[in-house]
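What follows is run.txt (compact mmCIF, C-alpha atoms).
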```txt
# COMPACT_ATOMS: atom_id res chain seq x y z
CA GLY K 1 0.00 0.00 0.00
CA ALA K 2 0.83 3.73 0.05
CA VAL K 3 2.18 3.96 -3.49
CA VAL K 4 2.85 7.33 -5.08
CA SER K 5 3.57 7.68 -8.78
CA GLN K 6 4.97 10.53 -10.81
CA HIS K 7 4.73 11.21 -14.49
CA PRO K 8 6.81 11.69 -16.48
CA SER K 9 9.89 10.09 -14.94
CA TRP K 10 12.09 12.29 -17.07
CA VAL K 11 11.52 15.15 -19.47
CA ILE K 12 13.65 17.34 -21.69
CA CYS K 13 12.24 20.65 -22.79
CA LYS K 14 13.41 23.78 -24.50
CA SER K 15 14.00 27.01 -22.66
CA GLY K 16 10.85 29.12 -22.49
CA THR K 17 8.39 26.24 -22.61
CA SER K 18 6.24 24.92 -19.77
CA VAL K 19 6.32 21.45 -18.30
CA LYS K 20 3.67 19.71 -16.19
CA ILE K 21 4.55 16.98 -13.70
CA GLU K 22 1.85 14.79 -12.18
CA CYS K 23 1.89 13.20 -8.76
CA ARG K 24 -0.68 10.54 -7.93
CA SER K 25 -1.46 8.58 -4.80
CA LEU K 26 -2.47 5.22 -6.24
CA ASP K 27 -4.08 3.39 -3.35
CA PHE K 28 -4.99 6.05 -0.84
CA GLN K 29 -6.39 9.53 -0.70
CA ALA K 30 -4.04 12.35 0.13
CA THR K 31 -5.41 15.71 1.16
CA THR K 32 -1.87 17.00 1.45
CA MET K 33 0.99 16.53 -0.96
CA PHE K 34 4.46 18.04 -0.95
CA TRP K 35 6.75 19.07 -3.78
CA TYR K 36 10.51 18.87 -3.32
CA ARG K 37 13.45 19.70 -5.47
CA GLN K 38 16.83 18.03 -5.25
CA PHE K 39 20.05 19.29 -6.78
CA PRO K 40 22.93 16.86 -7.26
CA LYS K 41 24.53 15.80 -3.98
CA GLN K 42 22.23 18.05 -2.00
CA SER K 43 19.29 17.51 0.28
CA LEU K 44 15.64 17.54 -0.68
CA MET K 45 14.38 21.11 -0.49
CA LEU K 46 10.70 21.58 0.15
CA MET K 47 9.18 23.85 -2.49
CA ALA K 48 5.53 23.89 -1.52
CA THR K 49 2.74 22.16 0.33
CA SER K 50 -0.27 21.29 -1.77
CA ASN K 51 -3.67 20.93 -0.13
CA GLU K 52 -6.65 19.51 -1.98
CA GLY K 53 -9.14 22.17 -2.90
CA SER K 54 -7.08 25.13 -1.75
CA LYS K 55 -4.07 27.15 -2.78
CA ALA K 56 -0.63 25.76 -2.26
CA THR K 57 1.66 27.12 0.41
CA TYR K 58 5.06 28.01 -1.00
CA GLU K 59 8.34 28.04 0.87
CA GLN K 60 10.35 31.21 1.08
CA GLY K 61 12.25 31.91 -2.11
CA VAL K 62 10.04 29.75 -4.35
CA GLU K 63 8.27 31.70 -7.07
CA LYS K 64 4.62 30.73 -7.02
CA ASP K 65 4.02 32.19 -10.48
CA LYS K 66 6.78 30.07 -11.91
CA PHE K 67 5.96 26.83 -10.15
CA LEU K 68 2.20 26.42 -10.44
CA ILE K 69 0.68 23.78 -8.20
CA ASN K 70 -2.80 22.37 -8.55
CA HIS K 71 -4.31 19.80 -6.22
CA ALA K 72 -7.69 19.27 -7.82
CA SER K 73 -8.48 15.85 -6.39
CA LEU K 74 -7.59 13.68 -3.42
CA THR K 75 -5.27 11.58 -5.57
CA LEU K 76 -3.65 14.06 -7.94
CA SER K 77 -1.40 17.07 -7.59
CA THR K 78 0.37 18.72 -10.50
CA LEU K 79 3.42 20.96 -10.67
CA THR K 80 3.81 23.12 -13.76
CA VAL K 81 7.17 24.73 -14.36
CA THR K 82 6.34 27.76 -16.48
CA SER K 83 8.76 29.39 -18.90
CA ALA K 84 11.44 26.92 -17.92
CA HIS K 85 15.09 27.93 -17.98
CA PRO K 86 18.24 25.80 -17.73
CA GLU K 87 18.59 26.68 -14.04
CA ASP K 88 15.26 24.92 -13.44
CA SER K 89 16.87 21.64 -14.44
CA SER K 90 16.64 19.43 -11.39
CA PHE K 91 15.10 16.34 -9.84
CA TYR K 92 11.56 17.04 -8.66
CA ILE K 93 10.00 14.71 -6.10
CA CYS K 94 6.50 14.71 -4.69
CA SER K 95 5.21 13.05 -1.56
CA ALA K 96 1.78 12.38 -0.16
CA LEU K 97 0.91 12.66 3.48
CA GLY K 98 -0.36 9.53 5.16
CA ASP K 99 -2.41 9.04 8.28
CA THR K 100 -0.07 10.89 10.60
CA ALA K 101 1.73 14.17 10.17
CA TYR K 102 5.05 12.38 9.90
CA GLU K 103 4.18 9.78 7.29
CA GLN K 104 5.17 10.92 3.85
CA TYR K 105 5.18 8.55 0.92
CA PHE K 106 7.44 9.66 -1.86
CA GLY K 107 7.07 9.34 -5.59
CA PRO K 108 9.96 8.12 -7.76
CA GLY K 109 10.83 11.63 -8.90
CA THR K 110 10.98 13.44 -12.25
CA ARG K 111 14.24 14.47 -13.85
CA LEU K 112 13.75 17.76 -15.70
CA THR K 113 16.38 18.96 -18.15
CA VAL K 114 15.89 22.34 -19.79
CA THR K 115 18.02 22.96 -22.87
CA ASP O 1 20.78 27.88 7.47
CA GLN O 2 21.17 24.11 7.43
CA GLN O 3 19.10 22.91 10.37
CA VAL O 4 19.83 19.25 9.71
CA LYS O 5 23.36 18.25 8.82
CA GLN O 6 24.93 15.04 7.65
CA ASN O 7 28.60 15.87 7.66
CA SER O 8 29.79 12.70 5.96
CA PRO O 9 28.92 12.74 2.26
CA SER O 10 30.01 9.14 1.87
CA LEU O 11 30.78 6.03 3.89
CA SER O 12 32.26 2.72 2.84
CA VAL O 13 31.75 -0.40 4.96
CA GLN O 14 32.67 -4.06 4.62
CA GLU O 15 29.78 -6.47 4.18
CA GLY O 16 28.77 -7.98 7.52
CA ARG O 17 30.16 -5.11 9.55
CA ILE O 18 28.25 -2.31 11.24
CA SER O 19 27.38 0.86 9.33
CA ILE O 20 26.94 4.00 11.41
CA LEU O 21 25.44 7.06 9.80
CA ASN O 22 25.37 10.32 11.71
CA CYS O 23 23.13 13.34 11.72
CA ASP O 24 23.20 16.58 13.69
CA TYR O 25 20.48 19.17 14.09
CA THR O 26 20.31 22.68 15.44
CA ASN O 27 16.61 23.32 16.04
CA SER O 28 15.61 22.32 19.56
CA MET O 29 11.95 22.38 18.50
CA PHE O 30 12.39 19.24 16.43
CA ASP O 31 10.55 16.39 18.14
CA TYR O 32 10.49 13.64 15.53
CA PHE O 33 13.28 12.23 13.44
CA LEU O 34 13.25 9.92 10.46
CA TRP O 35 15.70 8.09 8.26
CA TYR O 36 15.04 7.56 4.58
CA LYS O 37 16.88 5.42 2.06
CA LYS O 38 17.15 6.54 -1.54
CA TYR O 39 18.33 4.74 -4.66
CA PRO O 40 19.36 6.72 -7.77
CA ALA O 41 16.45 8.09 -9.79
CA GLU O 42 13.96 6.95 -7.16
CA GLY O 43 12.12 8.71 -4.39
CA PRO O 44 13.14 8.20 -0.76
CA THR O 45 11.65 5.29 1.14
CA PHE O 46 11.00 5.41 4.86
CA LEU O 47 13.34 3.33 6.98
CA ILE O 48 12.91 4.05 10.67
CA SER O 49 11.91 6.90 12.95
CA ILE O 50 12.22 8.02 16.54
CA SER O 51 10.29 10.39 18.75
CA SER O 52 12.14 12.81 20.98
CA ILE O 53 10.73 11.07 24.05
CA LYS O 54 12.86 8.04 23.24
CA ASP O 55 16.57 7.58 22.88
CA LYS O 56 16.55 4.36 20.88
CA ASN O 57 14.35 2.60 18.38
CA GLU O 58 15.13 -0.74 16.81
CA ASP O 59 13.69 -2.49 13.78
CA GLY O 60 15.48 -5.60 12.65
CA ARG O 61 18.96 -4.70 11.45
CA PHE O 62 18.29 -0.99 11.86
CA THR O 63 18.60 0.96 15.09
CA VAL O 64 18.32 4.70 15.52
CA PHE O 65 19.84 6.43 18.53
CA LEU O 66 18.91 9.92 19.65
CA ASN O 67 21.03 12.11 21.92
CA LYS O 68 18.94 15.18 22.56
CA SER O 69 21.49 17.00 24.67
CA ALA O 70 23.99 16.74 21.83
CA LYS O 71 21.32 17.25 19.16
CA HIS O 72 22.64 14.19 17.44
CA LEU O 73 21.15 11.04 16.00
CA SER O 74 22.67 8.04 14.37
CA LEU O 75 21.51 5.10 12.32
CA HIS O 76 23.17 1.74 12.90
CA ILE O 77 22.86 -1.04 10.35
CA VAL O 78 24.15 -4.41 11.42
CA PRO O 79 25.09 -6.60 9.71
CA SER O 80 25.52 -4.49 6.59
CA GLN O 81 24.44 -6.08 3.33
CA PRO O 82 25.20 -5.15 -0.31
CA GLY O 83 21.56 -4.13 -0.79
CA ASP O 84 22.04 -1.45 1.84
CA SER O 85 24.17 0.54 -0.59
CA ALA O 86 22.17 3.73 -1.15
CA VAL O 87 21.96 7.35 -0.07
CA TYR O 88 20.58 7.80 3.42
CA PHE O 89 18.82 10.98 4.46
CA CYS O 90 17.92 11.96 7.96
CA ALA O 91 14.95 14.25 8.40
CA ALA O 92 13.46 16.13 11.32
CA SER O 93 10.12 17.66 12.12
CA GLY O 94 8.84 19.93 14.84
CA ASN O 95 5.28 20.07 16.06
CA GLN O 96 4.09 17.90 13.16
CA GLU O 97 5.21 20.42 10.60
CA LYS O 98 7.20 19.96 7.42
CA LEU O 99 10.18 17.65 7.21
CA VAL O 100 13.66 19.17 7.04
CA PHE O 101 16.19 16.93 5.35
CA GLY O 102 19.92 16.57 5.71
CA GLN O 103 22.24 16.48 2.70
CA GLY O 104 22.43 12.71 2.64
CA THR O 105 25.23 10.18 3.09
CA ARG O 106 26.11 7.74 0.35
CA LEU O 107 26.68 4.33 1.89
CA THR O 108 28.62 1.72 -0.06
CA ILE O 109 28.80 -1.83 1.21
CA ASN O 110 31.80 -3.68 -0.11
CA PRO O 111 31.66 -7.47 -0.55
```
Would you encode the structure as structure tokens?
Amino acid sequence: GAVVSQHPSWVICKSGTSVKIECRSLDFQATTMFWYRQFPKQSLMLMATSNEGSKATYEQGVEKDKFLINHASLTLSTLTVTSAHPEDSSFYICSALGDTAYEQYFGPGTRLTVT
Amino acid sequence: DQQVKQNSPSLSVQEGRISILNCDYTNSMFDYFLWYKKYPAEGPTFLISISSIKDKNEDGRFTVFLNKSAKHLSLHIVPSQPGDSAVYFCAASGNQEKLVFGQGTRLTINP
């Protein structure tokens, strides 16, 4: 149980285009999902907290107009990187909150490369 | 401001021996600590956790120790197996809020 999927697993896009990444909880409902970003050899940095039916809460320094988050259902959250630039190239990971505040189930991640 | 630090980027251990991964934190409000294991191109998977009211939690080959006065926790894996080779992240949370992750330690188990 508690499986989280992400799609796509990797994507290459041209600078200036937008990319949408999906995060799904496959066998449970998640009212709260998290989006992280990981640079090589660095820790996972929380970007935003996504709550079903309401606006996402962004961490300090994360541009909400650039990283659009939509949590339209209890099993799906999407992250759209708008007008992507090479510096947005990174590994993006989502997680879904389980029954307790500490249980987070992570997706496999999406490798984004902006050329 | 790195609130959770894993000062060893890598660790190499002989198969069958004990692996000890360390983690330090600065925020005294943290009351729950977790260890995650991560393989390349995959998301982290939960390994073991400990509440601040305890100083030790054991699950099979994995034991986590917490020293609150030193703001230090460690993960012990014994005996170490080749499948344990991965990146290990410690994470901390305060008052059931967001997780703060360390930088990770790459563990390599040598046959």
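Those DNA, RNA and protein residues that approach the point (16.5, 22.4, 2.2) to within 8 Å, considering all atoms listed in the file, are Ser43, Leu44, Met45 and Leu46 of chain K; Gln2, Val100, Phe101 and Gly102 of chain O.
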Q: Restrict the distance test to only C-alpha atoms, flag each residue of chain K within 6 Å of chain O, and return the flagged residues as a list of chain:residue names.
A: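 Going by the stated atoms only, the list reads K:Gln42, K:Ser43, K:Ala101, K:Phe106, K:Gly107, K:Pro108, K:Gly109.
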Generate the output file for the selected residues, C-alpha atoms, as a PDB file, in the coordinates of the input.
```
ATOM      1  CA  GLN K  42      22.230  18.050  -2.000  1.00  0.00           C
ATOM      2  CA  SER K  43      19.290  17.510   0.280  1.00  0.00           C
ATOM      3  CA  ALA K 101       1.730  14.170  10.170  1.00  0.00           C
ATOM      4  CA  PHE K 106       7.440   9.660  -1.860  1.00  0.00           C
ATOM      5  CA  GLY K 107       7.070   9.340  -5.590  1.00  0.00           C
ATOM      6  CA  PRO K 108       9.960   8.120  -7.760  1.00  0.00           C
ATOM      7  CA  GLY K 109      10.830  11.630  -8.900  1.00  0.00           C
TER       8      GLY K 109
END
```
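Going from CA of Gly16 (chain K) over to CA of Tyr36 (chain K), you cover 21.7 Å.
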Q. If you count all atoms listed in the file, which residues fall within 12 Å of region 31-34 of chain K, apart from same-chain ones fewer than 3 positions away, as a VMD selection string?
A. (chain K and resid 4 22 to 25 28 37 44 to 59 69 to 79 92 to 107) or (chain O and resid 97 to 99)
**Q.** Who sits within 10 Å of Glu15 (chain O), all atoms listed in the file, same chain under 4 positions skipped, as a list in words
**A.**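 The residues that qualify are Ser19, Val78, Pro79, Ser80, Gln81, Pro82, Gly83, Asp84, Thr108, Ile109, Asn110 and Pro111 of chain O.
Here CA of Phe62 (chain O) stands at a distance of 11.8 Å from CA of Ile50 (chain O).
From CA of Ala70 (chain O) back to CA of Phe30 (chain O), the distance works out to 13.0 Å.
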Q: With a distance cut-off of 10 Å and only C-alpha atoms, select the neighbouring residues of Leu112 (chain K), excluding the residue or stretch itself and same-chain residues fewer than 5 positions from it, and output the selection as a list in words.
A: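 Near neighbours after the sequence-gap exclusion: Pro8, Ser9, Trp10, Val11, Ile12, Cys13, Val19, Ile21, Val81, Ala84, Pro86, Asp88, Ser89, Ser90, Phe91 and Tyr92 of chain K.
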Q | Proximity to Asn67 (chain O) - best of O:Leu107, O:Met29, O:Ala86, O:Ile53, all atoms listed in the file | A |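 Nearest candidate to Asn67 (chain O) out of O:Leu107, O:Met29, O:Ala86, O:Ile53: O:Ile53.
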Contacts of Lys54 (chain O) within 9 Å, all atoms listed in the file, excl. fewer than 3 positions in-chain, as an mmCIF file with C-alpha atoms, keeping the file's coordinate frame:
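And here is the file that came out, out.cif:
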```
data_model
loop_
_atom_site.group_PDB
_atom_site.id
_atom_site.type_symbol
_atom_site.label_atom_id
_atom_site.label_comp_id
_atom_site.auth_asym_id
_atom_site.auth_seq_id
_atom_site.Cartn_x
_atom_site.Cartn_y
_atom_site.Cartn_z
ATOM 1 C CA ILE O 50 12.220 8.020 16.540
ATOM 2 C CA SER O 51 10.290 10.390 18.750
ATOM 3 C CA ASN O 57 14.350 2.600 18.380
ATOM 4 C CA PHE O 65 19.840 6.430 18.530
ATOM 5 C CA LEU O 66 18.910 9.920 19.650
#
```
Q) Which is closest to Ser5 (chain K) among K:Thr17, K:Thr110, K:Gln38, K:Gln60, if we use only C-alpha atoms? A)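 Using only C-alpha atoms, Ser5 (chain K) sits closest to K:Thr110.
Using all atoms listed in the file for every distance, the candidate list O:Lys71, O:Gly60, O:Trp35, O:Ile48 yields O:Lys71 as the residue closest to Gln3 (chain O).
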